[in-house]
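S.K.: Coordinates in final-v9.cif, mmCIF, C-alpha atoms, are listed below.
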data_entry
#
loop_
_atom_site.label_atom_id
_atom_site.label_comp_id
_atom_site.auth_asym_id
_atom_site.auth_seq_id
_atom_site.Cartn_x
_atom_site.Cartn_y
_atom_site.Cartn_z
CA MET O 215 6.89 -14.50 -10.79
CA SER O 216 7.46 -16.07 -7.40
CA ALA O 217 5.20 -15.42 -4.45
CA LYS O 218 8.13 -14.01 -2.44
CA PHE O 219 8.88 -11.50 -5.19
CA ALA O 220 5.20 -10.49 -5.40
CA TRP O 221 5.09 -9.91 -1.62
CA ALA O 222 8.34 -7.91 -1.75
CA VAL O 223 6.92 -5.73 -4.53
CA LEU O 224 3.70 -5.30 -2.55
CA LEU O 225 5.64 -4.23 0.56
CA ALA O 226 7.70 -1.74 -1.46
CA SER O 227 4.48 -0.41 -3.01
CA SER O 228 3.00 0.01 0.48
CA VAL O 229 6.01 2.07 1.53
CA LEU O 230 5.57 4.20 -1.59
CA GLU O 231 1.92 4.67 -0.65
CA ALA O 232 3.04 6.22 2.62
CA VAL O 233 5.51 8.41 0.70
CA TRP O 234 2.89 9.72 -1.70
CA ALA O 235 0.34 10.28 1.07
CA THR O 236 2.89 12.26 3.07
CA ALA O 237 3.96 14.23 -0.03
CA LEU O 238 0.31 14.96 -0.79
CA GLY O 239 -0.05 16.54 2.64
CA LEU O 240 3.09 18.60 2.09
CA SER O 241 2.11 19.71 -1.42
CA ASN O 242 -0.29 22.33 -0.05
CA GLY O 243 -2.92 21.68 -2.70
CA PHE O 244 -0.29 20.87 -5.35
CA SER O 245 1.14 24.39 -5.01
CA GLN O 246 4.58 23.20 -3.83
CA ALA O 247 6.67 21.81 -6.70
CA ILE O 248 8.91 19.30 -4.92
CA PRO O 249 6.23 17.57 -2.79
CA THR O 250 3.93 17.52 -5.84
CA ALA O 251 6.64 15.84 -7.94
CA VAL O 252 7.38 13.33 -5.15
CA PHE O 253 3.64 12.63 -4.92
CA ALA O 254 3.32 12.01 -8.67
CA VAL O 255 6.35 9.71 -8.90
CA ALA O 256 5.60 7.77 -5.71
CA ALA O 257 1.90 7.36 -6.54
CA THR O 258 2.72 6.11 -10.03
CA LEU O 259 5.34 3.64 -8.81
CA SER O 260 3.09 2.49 -5.96
CA MET O 261 0.23 1.74 -8.36
CA ILE O 262 2.56 -0.05 -10.78
CA GLY O 263 3.89 -2.18 -7.93
CA LEU O 264 0.38 -3.02 -6.75
CA SER O 265 -0.58 -4.04 -10.29
CA ILE O 266 2.48 -6.30 -10.51
CA ALA O 267 1.75 -7.89 -7.13
CA VAL O 268 -1.86 -8.74 -8.01
CA GLY O 269 -0.52 -10.94 -10.78
CA ARG O 270 0.32 -13.44 -8.04
CA ILE O 271 -1.55 -12.27 -4.90
CA PRO O 272 -5.36 -12.15 -4.91
CA LEU O 273 -6.59 -8.58 -5.42
CA GLY O 274 -8.55 -8.31 -2.17
CA THR O 275 -5.63 -9.52 -0.09
CA ALA O 276 -3.08 -7.38 -1.95
CA TYR O 277 -5.22 -4.25 -1.68
CA ALA O 278 -5.92 -4.75 2.03
CA VAL O 279 -2.21 -5.22 2.77
CA TRP O 280 -1.21 -2.28 0.52
CA VAL O 281 -3.68 0.10 2.17
CA GLY O 282 -3.08 -1.18 5.71
CA ILE O 283 0.69 -1.00 5.64
CA GLY O 284 0.64 2.31 3.78
CA ALA O 285 -1.78 3.82 6.29
CA ALA O 286 0.15 2.51 9.29
CA LEU O 287 3.41 3.92 7.93
CA THR O 288 1.77 7.26 7.13
CA VAL O 289 0.38 7.64 10.65
CA GLY O 290 3.61 6.37 12.18
CA TRP O 291 5.65 8.91 10.21
CA ALA O 292 3.25 11.72 11.16
CA MET O 293 3.61 10.83 14.84
CA ALA O 294 7.41 10.44 14.60
CA THR O 295 7.80 13.86 12.97
CA GLY O 296 5.43 15.62 15.37
CA VAL O 297 2.76 16.36 12.75
CA GLU O 298 0.28 14.24 14.68
CA PRO O 299 0.36 13.60 18.42
CA PRO O 300 1.04 10.00 19.43
CA SER O 301 -1.20 8.16 21.84
CA PRO O 302 -1.24 4.65 23.27
CA LEU O 303 -4.56 3.89 21.56
CA LYS O 304 -3.22 5.00 18.15
CA LEU O 305 -0.22 2.74 18.61
CA ILE O 306 -2.45 -0.20 19.55
CA PHE O 307 -4.69 0.33 16.52
CA ILE O 308 -1.71 0.72 14.18
CA ALA O 309 -0.27 -2.50 15.59
CA GLY O 310 -3.64 -4.10 14.86
CA ILE O 311 -3.51 -2.97 11.22
CA VAL O 312 0.01 -4.33 10.82
CA GLY O 313 -0.97 -7.55 12.58
CA CYS O 314 -3.94 -8.03 10.25
CA ALA O 315 -1.71 -7.45 7.20
CA ALA O 316 0.78 -9.99 8.53
CA GLY O 317 -2.09 -12.40 9.14
CA LEU O 318 -3.19 -12.10 5.51
CA LYS O 319 0.38 -12.81 4.42
CA GLY O 320 0.52 -15.85 6.68
CA LEU O 321 -2.58 -17.51 5.24
CA PRO O 322 -2.01 -20.50 2.99
CA SER O 323 -1.52 -19.42 -0.61
CA GLU O 324 -4.33 -20.04 -3.02
CA GLN O 325 -3.94 -20.70 -6.70
CA ARG O 326 -5.49 -17.99 -8.79
CA ASP O 327 -7.87 -19.18 -11.44
CA GLU O 328 -7.45 -17.90 -14.96
CA VAL O 329 -9.64 -14.87 -15.50
CA ALA O 330 -12.33 -15.77 -17.98
CA GLU O 331 -12.73 -13.54 -20.99
CA PRO O 332 -16.07 -11.73 -21.02
CA ALA O 333 -18.61 -13.27 -23.34
CA GLU O 334 -19.18 -11.42 -26.56
CA LEU O 335 -22.59 -9.90 -26.96
#
Turn the structure described in the file into structure tokens.

M.R.:
Amino acid sequence: MSAKFAWAVLLASSVLEAVWATALGLSNGFSQAIPTAVFAVAATLSMIGLSIAVGRIPLGTAYAVWVGIGAALTVGWAMATGVEPPSPLKLIFIAGIVGCAAGLKGLPSEQRDEVAEPAEL
């Protein structure tokens, strides 16, 4: 798998993280069928995408980007839809999260070492 594909999958998984987080909030404790179904599908696909991306991107980097972008999109959507009031400081901090995720993407790529099999006892 190419690095570009892994990053595209990671970005899509981050968007799905924002979808499932938003659906979770709308599910009202899993009592609403449609938001609960959206949550289940989006969470499953988001996790699958993250697991695919970590085949090429180091886990710590992939997880930080996945959480950061997902959180920024979730807060951004909440502010855009009026669920959460916007503020200049929130926008600055969200920009900081996105900037940090972009910074991780911009670092030179590192070759992943083969994962050693655990020693048998």

S.K.: Residues within 8 Å of Phe253 in chain O, please, as JSON, numbers by chain. Count all atoms listed in the file; anything in the same chain fewer than 6 positions from it doesn't count.

M.R.: {"O": [233, 234, 235, 237, 238]}

S.K.: Could you check the closest approach to Met261 in chain O for each of O:Leu224, O:Leu305, O:Ala217, O:Cys314 and tell me which residue wins, using all atoms listed in the file?

M.R.: O:Leu224

S.K.: State, in Å with one decimal place, the distance from CA of Trp291 in chain O to CA of Leu273 in chain O.

M.R.: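 Going from CA of Trp291 in chain O over to CA of Leu273 in chain O, I get 26.5 Å.
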
S.K.: Step by step, work through what the PyMOL selection byres ((chain O and resi 266) around 10) selects in the shown file, and finish by giving those residues as a PDB file with C-alpha atoms, in the coordinates of the input.

M.R.:
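Below is the file that was written, expr.pdb:
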ATOM      1  CA  MET O 215       6.890 -14.500 -10.790  1.00  0.00           C
ATOM      2  CA  PHE O 219       8.880 -11.500  -5.190  1.00  0.00           C
ATOM      3  CA  ALA O 220       5.200 -10.490  -5.400  1.00  0.00           C
ATOM      4  CA  TRP O 221       5.090  -9.910  -1.620  1.00  0.00           C
ATOM      5  CA  VAL O 223       6.920  -5.730  -4.530  1.00  0.00           C
ATOM      6  CA  LEU O 224       3.700  -5.300  -2.550  1.00  0.00           C
ATOM      7  CA  SER O 227       4.480  -0.410  -3.010  1.00  0.00           C
ATOM      8  CA  SER O 260       3.090   2.490  -5.960  1.00  0.00           C
ATOM      9  CA  MET O 261       0.230   1.740  -8.360  1.00  0.00           C
ATOM     10  CA  ILE O 262       2.560  -0.050 -10.780  1.00  0.00           C
ATOM     11  CA  GLY O 263       3.890  -2.180  -7.930  1.00  0.00           C
ATOM     12  CA  LEU O 264       0.380  -3.020  -6.750  1.00  0.00           C
ATOM     13  CA  SER O 265      -0.580  -4.040 -10.290  1.00  0.00           C
ATOM     14  CA  ALA O 267       1.750  -7.890  -7.130  1.00  0.00           C
ATOM     15  CA  VAL O 268      -1.860  -8.740  -8.010  1.00  0.00           C
ATOM     16  CA  GLY O 269      -0.520 -10.940 -10.780  1.00  0.00           C
ATOM     17  CA  ARG O 270       0.320 -13.440  -8.040  1.00  0.00           C
ATOM     18  CA  ILE O 271      -1.550 -12.270  -4.900  1.00  0.00           C
TER      19      ILE O 271
END

S.K.: For the atom pair CA of Gly282 in chain O and CA of Asn242 in chain O, what is the interatomic distance in Å to one decimal place?

M.R.: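 Here the two named atoms are 24.4 Å from each other.
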
S.K.: Restricting the calculation to only C-alpha atoms: of O:Ala286, O:Ala278, O:Val229, O:Ala247, which residue gets closest to Ala315 in chain O?

M.R.: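 Of O:Ala286, O:Ala278, O:Val229, O:Ala247, the one nearest Ala315 in chain O is O:Ala278, counting only C-alpha atoms.
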
S.K.: Work out how far CA of Ile283 in chain O is from CA of Ile308 in chain O, in Å to one decimal.

M.R.: 9.0 Å

S.K.: Between O:Thr295, O:Ser245, O:Thr250, O:Thr275, which residue has the minimum interatomic distance to Ala316 in chain O, considering all atoms listed in the file?

M.R.: O:Thr275

S.K.: Taking into account all atoms listed in the file, which residue in the set O:Gln246, O:Val279, O:Lys218, O:Val255 is nearest to Gly313 in chain O?

M.R.: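 Looking only at the distances to Gly313 in chain O, the closest residue turns out to be O:Val279.
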
S.K.: Expand the PyMOL selection byres ((chain O and resi 292) around 12) into the explicit residue set it covers here, and present it as a list in words.

M.R.: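 On this input, the PyMOL selection byres ((chain O and resi 292) around 12) captures Ala232, Val233, Ala235, Thr236, Ala237, Gly239, Leu240, Ala285, Ala286, Leu287, Thr288, Val289, Gly290, Trp291, Met293, Ala294, Thr295, Gly296, Val297, Glu298, Pro299, Pro300 and Lys304 of chain O.
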
S.K.: Around range 240-243 of chain O, with edges along x, y and z and 6 Å added on all six sides, what centre and edge lengths do you get, in Å to one decimal, as AutoDock Vina command-line options?

M.R.:
--center_x 0.1 --center_y 20.5 --center_z -0.3 --size_x 18.0 --size_y 15.7 --size_z 16.8

S.K.: Which of these residues is nearest to Gly284 in chain O, using only C-alpha atoms: O:Ala254, O:Ile311, O:Ile248, O:Ala222?

M.R.: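 So, comparing all the options, the nearest one is O:Ile311.
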
S.K.: Which residue, O:Pro249, O:Ser216, O:Leu225, O:Lys319, has the smallest gap to Gly274 in chain O when you use all atoms listed in the file?

M.R.: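 Going through O:Pro249, O:Ser216, O:Leu225, O:Lys319 one by one, the smallest distance to Gly274 in chain O is for O:Lys319.
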